[in-house]
file coords-v6.cif (mmCIF, N, CA and C atoms)
data_work
#
loop_
_atom_site.label_atom_id
_atom_site.label_comp_id
_atom_site.auth_asym_id
_atom_site.auth_seq_id
_atom_site.Cartn_x
_atom_site.Cartn_y
_atom_site.Cartn_z
N MET A 1 89.73 -24.78 -143.88
CA MET A 1 89.96 -24.09 -145.13
C MET A 1 91.44 -24.22 -145.50
N LEU A 2 91.68 -24.31 -146.79
CA LEU A 2 93.03 -24.34 -147.32
C LEU A 2 93.31 -23.01 -148.01
N HIS A 3 94.39 -22.36 -147.60
CA HIS A 3 94.83 -21.11 -148.23
C HIS A 3 96.00 -21.43 -149.13
N LEU A 4 95.88 -21.09 -150.41
CA LEU A 4 96.97 -21.24 -151.37
C LEU A 4 97.56 -19.86 -151.58
N ILE A 5 98.80 -19.67 -151.13
CA ILE A 5 99.41 -18.34 -151.21
C ILE A 5 100.48 -18.36 -152.30
N PHE A 6 100.21 -17.59 -153.34
CA PHE A 6 101.13 -17.43 -154.47
C PHE A 6 101.83 -16.06 -154.40
N GLN A 7 101.22 -15.13 -153.71
CA GLN A 7 101.61 -13.73 -153.71
C GLN A 7 102.97 -13.51 -153.04
N SER A 8 103.78 -12.70 -153.68
CA SER A 8 105.05 -12.29 -153.10
C SER A 8 105.25 -10.83 -153.44
N PRO A 9 105.42 -9.96 -152.47
CA PRO A 9 105.48 -10.27 -151.05
C PRO A 9 104.10 -10.63 -150.50
N ILE A 10 104.12 -11.31 -149.38
CA ILE A 10 102.88 -11.75 -148.73
C ILE A 10 102.37 -10.60 -147.87
N ASP A 11 101.19 -10.13 -148.18
CA ASP A 11 100.57 -9.04 -147.45
C ASP A 11 100.16 -9.52 -146.07
N SER A 12 100.42 -8.74 -145.04
CA SER A 12 100.05 -9.13 -143.68
C SER A 12 98.53 -9.29 -143.55
N ALA A 13 97.76 -8.61 -144.39
CA ALA A 13 96.31 -8.74 -144.36
C ALA A 13 95.87 -10.17 -144.72
N ILE A 14 96.66 -10.83 -145.54
CA ILE A 14 96.36 -12.23 -145.86
C ILE A 14 96.50 -13.09 -144.61
N LEU A 15 97.59 -12.90 -143.90
CA LEU A 15 97.82 -13.70 -142.70
C LEU A 15 96.75 -13.46 -141.65
N GLU A 16 96.20 -12.26 -141.59
CA GLU A 16 95.14 -11.93 -140.64
C GLU A 16 93.84 -12.66 -140.97
N ARG A 17 93.67 -13.09 -142.19
CA ARG A 17 92.44 -13.78 -142.61
C ARG A 17 92.51 -15.29 -142.43
N ILE A 18 93.62 -15.79 -141.93
CA ILE A 18 93.77 -17.22 -141.70
C ILE A 18 93.27 -17.55 -140.31
N ASP A 19 92.25 -18.40 -140.25
CA ASP A 19 91.66 -18.79 -138.97
C ASP A 19 92.42 -19.94 -138.34
N SER A 20 92.26 -20.08 -137.05
CA SER A 20 92.87 -21.18 -136.33
C SER A 20 92.42 -22.51 -136.93
N GLY A 21 93.36 -23.39 -137.18
CA GLY A 21 93.04 -24.70 -137.75
C GLY A 21 93.11 -24.76 -139.26
N ASP A 22 93.21 -23.60 -139.92
CA ASP A 22 93.32 -23.60 -141.38
C ASP A 22 94.67 -24.14 -141.80
N ASP A 23 94.73 -24.73 -142.98
CA ASP A 23 95.98 -25.16 -143.59
C ASP A 23 96.42 -24.09 -144.58
N VAL A 24 97.74 -23.90 -144.69
CA VAL A 24 98.29 -22.87 -145.57
C VAL A 24 99.38 -23.50 -146.42
N LEU A 25 99.28 -23.33 -147.74
CA LEU A 25 100.28 -23.85 -148.66
C LEU A 25 100.90 -22.69 -149.44
N PHE A 26 102.23 -22.56 -149.33
CA PHE A 26 102.96 -21.52 -150.05
C PHE A 26 103.46 -22.09 -151.36
N LEU A 27 103.20 -21.36 -152.44
CA LEU A 27 103.53 -21.82 -153.79
C LEU A 27 104.26 -20.72 -154.56
N GLU A 28 104.94 -21.13 -155.61
CA GLU A 28 105.62 -20.23 -156.54
C GLU A 28 106.52 -19.26 -155.79
N ASN A 29 106.45 -17.96 -156.09
CA ASN A 29 107.37 -17.01 -155.48
C ASN A 29 107.08 -16.70 -154.01
N ALA A 30 105.93 -17.13 -153.51
CA ALA A 30 105.64 -16.93 -152.09
C ALA A 30 106.63 -17.70 -151.22
N VAL A 31 107.26 -18.74 -151.77
CA VAL A 31 108.21 -19.52 -150.98
C VAL A 31 109.44 -18.68 -150.62
N LEU A 32 109.69 -17.61 -151.33
CA LEU A 32 110.83 -16.75 -151.03
C LEU A 32 110.62 -15.96 -149.74
N ARG A 33 109.41 -15.94 -149.24
CA ARG A 33 109.08 -15.16 -148.04
C ARG A 33 108.98 -16.00 -146.77
N ILE A 34 109.23 -17.30 -146.86
CA ILE A 34 109.07 -18.15 -145.68
C ILE A 34 110.42 -18.66 -145.17
N LEU A 35 111.43 -17.84 -145.39
CA LEU A 35 112.78 -18.18 -144.95
C LEU A 35 113.02 -17.69 -143.52
N LYS A 36 113.93 -18.35 -142.82
CA LYS A 36 114.24 -17.98 -141.44
C LYS A 36 114.66 -16.53 -141.31
N LYS A 37 115.30 -16.01 -142.32
CA LYS A 37 115.78 -14.63 -142.27
C LYS A 37 114.79 -13.64 -142.86
N GLY A 38 113.60 -14.11 -143.20
CA GLY A 38 112.61 -13.25 -143.84
C GLY A 38 111.90 -12.33 -142.87
N SER A 39 111.27 -11.32 -143.43
CA SER A 39 110.56 -10.32 -142.62
C SER A 39 109.30 -10.88 -141.96
N LEU A 40 108.79 -12.00 -142.45
CA LEU A 40 107.58 -12.59 -141.88
C LEU A 40 107.87 -13.71 -140.89
N CYS A 41 109.12 -13.90 -140.56
CA CYS A 41 109.51 -15.03 -139.71
C CYS A 41 108.71 -15.08 -138.41
N VAL A 42 108.60 -13.95 -137.72
CA VAL A 42 107.89 -13.91 -136.44
C VAL A 42 106.41 -14.21 -136.64
N ALA A 43 105.79 -13.58 -137.63
CA ALA A 43 104.36 -13.77 -137.88
C ALA A 43 104.05 -15.22 -138.26
N LEU A 44 104.89 -15.82 -139.09
CA LEU A 44 104.65 -17.20 -139.51
C LEU A 44 104.92 -18.19 -138.37
N THR A 45 105.90 -17.90 -137.54
CA THR A 45 106.16 -18.75 -136.38
C THR A 45 104.95 -18.73 -135.44
N GLN A 46 104.35 -17.58 -135.26
CA GLN A 46 103.14 -17.46 -134.44
C GLN A 46 101.98 -18.24 -135.08
N LEU A 47 101.87 -18.15 -136.39
CA LEU A 47 100.81 -18.84 -137.12
C LEU A 47 100.93 -20.36 -136.95
N LEU A 48 102.15 -20.84 -136.83
CA LEU A 48 102.39 -22.29 -136.68
C LEU A 48 101.84 -22.86 -135.38
N ILE A 49 101.53 -22.01 -134.43
CA ILE A 49 100.98 -22.48 -133.15
C ILE A 49 99.62 -23.13 -133.35
N GLN A 50 98.80 -22.56 -134.24
CA GLN A 50 97.43 -23.04 -134.42
C GLN A 50 97.12 -23.53 -135.83
N ASN A 51 98.13 -23.51 -136.70
CA ASN A 51 97.90 -23.88 -138.09
C ASN A 51 99.04 -24.75 -138.60
N ARG A 52 98.76 -25.44 -139.68
CA ARG A 52 99.82 -26.20 -140.36
C ARG A 52 100.17 -25.47 -141.64
N LEU A 53 101.47 -25.23 -141.81
CA LEU A 53 101.97 -24.52 -142.98
C LEU A 53 102.77 -25.49 -143.83
N TYR A 54 102.58 -25.37 -145.14
CA TYR A 54 103.21 -26.29 -146.09
C TYR A 54 103.88 -25.50 -147.21
N VAL A 55 104.84 -26.16 -147.84
CA VAL A 55 105.47 -25.61 -149.03
C VAL A 55 105.66 -26.77 -150.01
N LEU A 56 105.50 -26.47 -151.28
CA LEU A 56 105.64 -27.48 -152.32
C LEU A 56 107.13 -27.68 -152.62
N VAL A 57 107.59 -28.91 -152.54
CA VAL A 57 109.01 -29.22 -152.70
C VAL A 57 109.55 -28.72 -154.05
N ASP A 58 108.79 -28.84 -155.10
CA ASP A 58 109.26 -28.40 -156.41
C ASP A 58 109.53 -26.89 -156.43
N ASP A 59 108.73 -26.12 -155.72
CA ASP A 59 108.90 -24.67 -155.71
C ASP A 59 110.16 -24.24 -154.96
N ILE A 60 110.52 -24.94 -153.90
CA ILE A 60 111.76 -24.56 -153.21
C ILE A 60 112.98 -25.07 -153.97
N GLU A 61 112.86 -26.24 -154.59
CA GLU A 61 114.00 -26.78 -155.35
C GLU A 61 114.34 -25.91 -156.55
N VAL A 62 113.34 -25.48 -157.29
CA VAL A 62 113.58 -24.68 -158.49
C VAL A 62 114.19 -23.31 -158.13
N ARG A 63 113.98 -22.85 -156.91
CA ARG A 63 114.53 -21.57 -156.47
C ARG A 63 115.82 -21.74 -155.66
N GLY A 64 116.29 -22.97 -155.56
CA GLY A 64 117.56 -23.23 -154.88
C GLY A 64 117.50 -23.03 -153.38
N ILE A 65 116.34 -23.22 -152.79
CA ILE A 65 116.17 -23.05 -151.35
C ILE A 65 116.33 -24.40 -150.67
N GLY A 66 117.17 -24.46 -149.66
CA GLY A 66 117.35 -25.68 -148.90
C GLY A 66 116.37 -25.76 -147.75
N MET A 67 116.08 -26.98 -147.30
CA MET A 67 115.13 -27.17 -146.20
C MET A 67 115.57 -26.44 -144.94
N ALA A 68 116.86 -26.36 -144.71
CA ALA A 68 117.39 -25.71 -143.51
C ALA A 68 117.15 -24.20 -143.53
N GLU A 69 116.85 -23.64 -144.69
CA GLU A 69 116.61 -22.20 -144.80
C GLU A 69 115.17 -21.82 -144.45
N LEU A 70 114.28 -22.79 -144.40
CA LEU A 70 112.86 -22.52 -144.13
C LEU A 70 112.62 -22.34 -142.64
N ILE A 71 111.58 -21.59 -142.32
CA ILE A 71 111.16 -21.43 -140.94
C ILE A 71 110.85 -22.81 -140.38
N GLU A 72 111.37 -23.09 -139.21
CA GLU A 72 111.16 -24.40 -138.59
C GLU A 72 109.68 -24.66 -138.35
N GLY A 73 109.22 -25.82 -138.76
CA GLY A 73 107.82 -26.20 -138.58
C GLY A 73 107.03 -26.21 -139.87
N ILE A 74 107.55 -25.57 -140.91
CA ILE A 74 106.87 -25.61 -142.20
C ILE A 74 107.13 -26.97 -142.84
N GLU A 75 106.06 -27.62 -143.25
CA GLU A 75 106.15 -28.96 -143.79
C GLU A 75 106.33 -28.92 -145.31
N ILE A 76 107.22 -29.76 -145.80
CA ILE A 76 107.49 -29.84 -147.23
C ILE A 76 106.69 -31.00 -147.81
N ILE A 77 105.91 -30.70 -148.86
CA ILE A 77 105.07 -31.73 -149.47
C ILE A 77 105.30 -31.77 -150.98
N ASP A 78 104.85 -32.86 -151.58
CA ASP A 78 104.90 -32.98 -153.04
C ASP A 78 103.49 -32.78 -153.59
N TYR A 79 103.32 -33.00 -154.89
CA TYR A 79 102.01 -32.80 -155.51
C TYR A 79 100.94 -33.74 -154.94
N SER A 80 101.33 -34.92 -154.57
CA SER A 80 100.39 -35.85 -153.95
C SER A 80 99.89 -35.30 -152.61
N GLY A 81 100.79 -34.71 -151.85
CA GLY A 81 100.40 -34.08 -150.59
C GLY A 81 99.49 -32.89 -150.81
N MET A 82 99.71 -32.17 -151.90
CA MET A 82 98.84 -31.05 -152.24
C MET A 82 97.43 -31.53 -152.56
N VAL A 83 97.34 -32.62 -153.28
CA VAL A 83 96.02 -33.21 -153.58
C VAL A 83 95.34 -33.63 -152.29
N ASP A 84 96.09 -34.24 -151.38
CA ASP A 84 95.53 -34.65 -150.09
C ASP A 84 94.96 -33.44 -149.34
N LEU A 85 95.67 -32.31 -149.38
CA LEU A 85 95.18 -31.11 -148.71
C LEU A 85 93.89 -30.60 -149.33
N THR A 86 93.78 -30.69 -150.66
CA THR A 86 92.55 -30.22 -151.31
C THR A 86 91.37 -31.13 -151.00
N VAL A 87 91.64 -32.41 -150.80
CA VAL A 87 90.57 -33.35 -150.42
C VAL A 87 90.15 -33.08 -148.97
N LYS A 88 91.12 -32.85 -148.11
CA LYS A 88 90.86 -32.59 -146.69
C LYS A 88 90.09 -31.28 -146.49
N ASN A 89 90.37 -30.29 -147.32
CA ASN A 89 89.78 -28.95 -147.18
C ASN A 89 88.91 -28.64 -148.39
N PRO A 90 87.58 -28.86 -148.29
CA PRO A 90 86.72 -28.60 -149.43
C PRO A 90 86.61 -27.11 -149.79
N VAL A 91 86.95 -26.23 -148.84
CA VAL A 91 86.93 -24.79 -149.11
C VAL A 91 88.37 -24.34 -149.30
N ILE A 92 88.63 -23.71 -150.47
CA ILE A 92 89.99 -23.29 -150.80
C ILE A 92 89.97 -21.81 -151.19
N GLN A 93 90.91 -21.07 -150.62
CA GLN A 93 91.06 -19.65 -150.94
C GLN A 93 92.44 -19.45 -151.56
N SER A 94 92.48 -18.89 -152.76
CA SER A 94 93.76 -18.61 -153.43
C SER A 94 94.08 -17.13 -153.27
N TRP A 95 95.34 -16.85 -152.94
CA TRP A 95 95.85 -15.48 -152.81
C TRP A 95 96.97 -15.30 -153.82
N SER A 96 96.72 -14.48 -154.84
CA SER A 96 97.76 -14.26 -155.84
C SER A 96 97.86 -12.78 -156.21
#

call {"tool": "encode", "arguments": {"input": "coords-v6.cif", "output": "C-alpha cells"}}
result
Amino acid sequence: MLHLIFQSPIDSAILERIDSGDDVLFLENAVLRILKKGSLCVALTQLLIQNRLYVLVDDIEVRGIGMAELIEGIEIIDYSGMVDLTVKNPVIQSWS
C-alpha cells in the first residue's frame, strides 16, 4: 500500500496504520514534519526499519528545506518517481 501524507501536523494515529512493507510519501506541508529536529524524528526513524519513506523534491525545494535537514533514510523523488510508486502500489491511502 502507498500512503500519501499531506497532513501537517502528522497525527501519530496515521503512523500506527502503516503496515510493514508499505511505502509512504510525504507531500505539501507534511514535509515540514520530517526534519531531523522534528517531533516525529524517533517514530519515523523506527518506521524506516520496515518501510520506505519518500518526499517529493518539489515540496522540499519550495519550502527551502535542504536534503541534509531531512531524517536520514528518507528518499527524495520527483514526479516520475511518484508515478512509479502509484504503479507499484495499486492500493493508495491519502491522509489530508

call {"tool": "axis_aligned_box", "arguments": {"input": "coords-v6.cif", "around": "region 76-86 of chain A", "padding_each_side": "5 Å", "output": "AutoDock Vina command-line options"}}
result
--center_x 99.4 --center_y -32.8 --center_z -150.7 --size_x 26.1 --size_y 16.1 --size_z 19.7

call {"tool": "closest_residue", "arguments": {"input": "coords-v6.cif", "among": "A:Leu15, A:Ile76, A:Val62, A:Met1", "to": "Ala43 (chain A)", "atoms": "all atoms listed in the file"}}
result
A:Leu15

call {"tool": "select_by_dssp", "arguments": {"input": "coords-v6.cif", "residues": "chain A", "states": "alpha helix (DSSP H)", "output": "list in words"}}
result
Ser12, Ala13, Ile14, Leu15, Glu16, Cys41, Val42, Ala43, Leu44, Thr45, Gln46, Leu47, Val57, Asp58, Asp59, Ile60, Glu61, Val62, Tyr79, Ser80, Gly81, Met82, Val83, Asp84, Leu85, Thr86, Val87 and Lys88 of chain A

call {"tool": "write_last_selection", "arguments": {"input": "coords-v6.cif", "atoms": "N, CA and C atoms", "output": "short mmCIF file (atom, residue, chain, number, x, y, z; two decimals), in the frame of the given file"}}
result
data_model
loop_
_atom_site.label_atom_id
_atom_site.label_comp_id
_atom_site.auth_asym_id
_atom_site.auth_seq_id
_atom_site.Cartn_x
_atom_site.Cartn_y
_atom_site.Cartn_z
N SER A 12 100.42 -8.74 -145.04
CA SER A 12 100.05 -9.13 -143.68
C SER A 12 98.53 -9.29 -143.55
N ALA A 13 97.76 -8.61 -144.39
CA ALA A 13 96.31 -8.74 -144.36
C ALA A 13 95.87 -10.17 -144.72
N ILE A 14 96.66 -10.83 -145.54
CA ILE A 14 96.36 -12.23 -145.86
C ILE A 14 96.50 -13.09 -144.61
N LEU A 15 97.59 -12.90 -143.90
CA LEU A 15 97.82 -13.70 -142.70
C LEU A 15 96.75 -13.46 -141.65
N GLU A 16 96.20 -12.26 -141.59
CA GLU A 16 95.14 -11.93 -140.64
C GLU A 16 93.84 -12.66 -140.97
N CYS A 41 109.12 -13.90 -140.56
CA CYS A 41 109.51 -15.03 -139.71
C CYS A 41 108.71 -15.08 -138.41
N VAL A 42 108.60 -13.95 -137.72
CA VAL A 42 107.89 -13.91 -136.44
C VAL A 42 106.41 -14.21 -136.64
N ALA A 43 105.79 -13.58 -137.63
CA ALA A 43 104.36 -13.77 -137.88
C ALA A 43 104.05 -15.22 -138.26
N LEU A 44 104.89 -15.82 -139.09
CA LEU A 44 104.65 -17.20 -139.51
C LEU A 44 104.92 -18.19 -138.37
N THR A 45 105.90 -17.90 -137.54
CA THR A 45 106.16 -18.75 -136.38
C THR A 45 104.95 -18.73 -135.44
N GLN A 46 104.35 -17.58 -135.26
CA GLN A 46 103.14 -17.46 -134.44
C GLN A 46 101.98 -18.24 -135.08
N LEU A 47 101.87 -18.15 -136.39
CA LEU A 47 100.81 -18.84 -137.12
C LEU A 47 100.93 -20.36 -136.95
N VAL A 57 107.59 -28.91 -152.54
CA VAL A 57 109.01 -29.22 -152.70
C VAL A 57 109.55 -28.72 -154.05
N ASP A 58 108.79 -28.84 -155.10
CA ASP A 58 109.26 -28.40 -156.41
C ASP A 58 109.53 -26.89 -156.43
N ASP A 59 108.73 -26.12 -155.72
CA ASP A 59 108.90 -24.67 -155.71
C ASP A 59 110.16 -24.24 -154.96
N ILE A 60 110.52 -24.94 -153.90
CA ILE A 60 111.76 -24.56 -153.21
C ILE A 60 112.98 -25.07 -153.97
N GLU A 61 112.86 -26.24 -154.59
CA GLU A 61 114.00 -26.78 -155.35
C GLU A 61 114.34 -25.91 -156.55
N VAL A 62 113.34 -25.48 -157.29
CA VAL A 62 113.58 -24.68 -158.49
C VAL A 62 114.19 -23.31 -158.13
N TYR A 79 103.32 -33.00 -154.89
CA TYR A 79 102.01 -32.80 -155.51
C TYR A 79 100.94 -33.74 -154.94
N SER A 80 101.33 -34.92 -154.57
CA SER A 80 100.39 -35.85 -153.95
C SER A 80 99.89 -35.30 -152.61
N GLY A 81 100.79 -34.71 -151.85
CA GLY A 81 100.40 -34.08 -150.59
C GLY A 81 99.49 -32.89 -150.81
N MET A 82 99.71 -32.17 -151.90
CA MET A 82 98.84 -31.05 -152.24
C MET A 82 97.43 -31.53 -152.56
N VAL A 83 97.34 -32.62 -153.28
CA VAL A 83 96.02 -33.21 -153.58
C VAL A 83 95.34 -33.63 -152.29
N ASP A 84 96.09 -34.24 -151.38
CA ASP A 84 95.53 -34.65 -150.09
C ASP A 84 94.96 -33.44 -149.34
N LEU A 85 95.67 -32.31 -149.38
CA LEU A 85 95.18 -31.11 -148.71
C LEU A 85 93.89 -30.60 -149.33
N THR A 86 93.78 -30.69 -150.66
CA THR A 86 92.55 -30.22 -151.31
C THR A 86 91.37 -31.13 -151.00
N VAL A 87 91.64 -32.41 -150.80
CA VAL A 87 90.57 -33.35 -150.42
C VAL A 87 90.15 -33.08 -148.97
N LYS A 88 91.12 -32.85 -148.11
CA LYS A 88 90.86 -32.59 -146.69
C LYS A 88 90.09 -31.28 -146.49
#

call {"tool": "resolve_selection", "arguments": {"input": "coords-v6.cif", "expression": "the PyMOL selection byres (((chain A and resi 33 and name CA) around 12) and name CA)", "output": "ChimeraX atom specification"}}
result
/A:5-12,26-32,34-44,55,60,63,65,69-71

call {"tool": "atom_distance", "arguments": {"input": "coords-v6.cif", "atom1": "CA of Trp95 (chain A)", "atom2": "CA of Gly66 (chain A)"}}
result
24.1 Å

call {"tool": "closest_residue", "arguments": {"input": "coords-v6.cif", "among": "A:Ile77, A:Val83, A:Ile18, A:Val91", "to": "Asp58 (chain A)", "atoms": "only N, CA and C atoms"}}
result
A:Ile77

call {"tool": "atom_distance", "arguments": {"input": "coords-v6.cif", "atom1": "atom N of Val57 (chain A)", "atom2": "atom C of Thr45 (chain A)"}}
result
20.1 Å

call {"tool": "resolve_selection", "arguments": {"input": "coords-v6.cif", "expression": "the PyMOL selection byres ((chain A and resi 21) around 6.5)", "output": "number ranges by chain"}}
result
A: 1, 19-20, 22-23, 50-52

call {"tool": "atom_distance", "arguments": {"input": "coords-v6.cif", "atom1": "CA of Met82 (chain A)", "atom2": "CA of His3 (chain A)"}}
result
11.4 Å

call {"tool": "closest_residue", "arguments": {"input": "coords-v6.cif", "among": "A:Thr86, A:Gln93, A:Ile14, A:Ile49", "to": "Gly73 (chain A)", "atoms": "only C-alpha atoms"}}
result
A:Ile49

call {"tool": "closest_residue", "arguments": {"input": "coords-v6.cif", "among": "A:Ala68, A:Gln46, A:Leu53, A:Glu61", "to": "Val24 (chain A)", "atoms": "all atoms listed in the file"}}
result
A:Leu53

call {"tool": "select_by_dssp", "arguments": {"input": "coords-v6.cif", "residues": "chain A", "states": "strand (DSSP E)", "output": "count of residues only"}}
result
20

call {"tool": "closest_residue", "arguments": {"input": "coords-v6.cif", "among": "A:Arg17, A:Gly64, A:Leu47, A:Leu56", "to": "Ser80 (chain A)", "atoms": "only C-alpha atoms"}}
result
A:Leu56

call {"tool": "closest_residue", "arguments": {"input": "coords-v6.cif", "among": "A:Met67, A:Glu72, A:Leu25, A:Glu16", "to": "Asn89 (chain A)", "atoms": "only C-alpha atoms"}}
result
A:Leu25
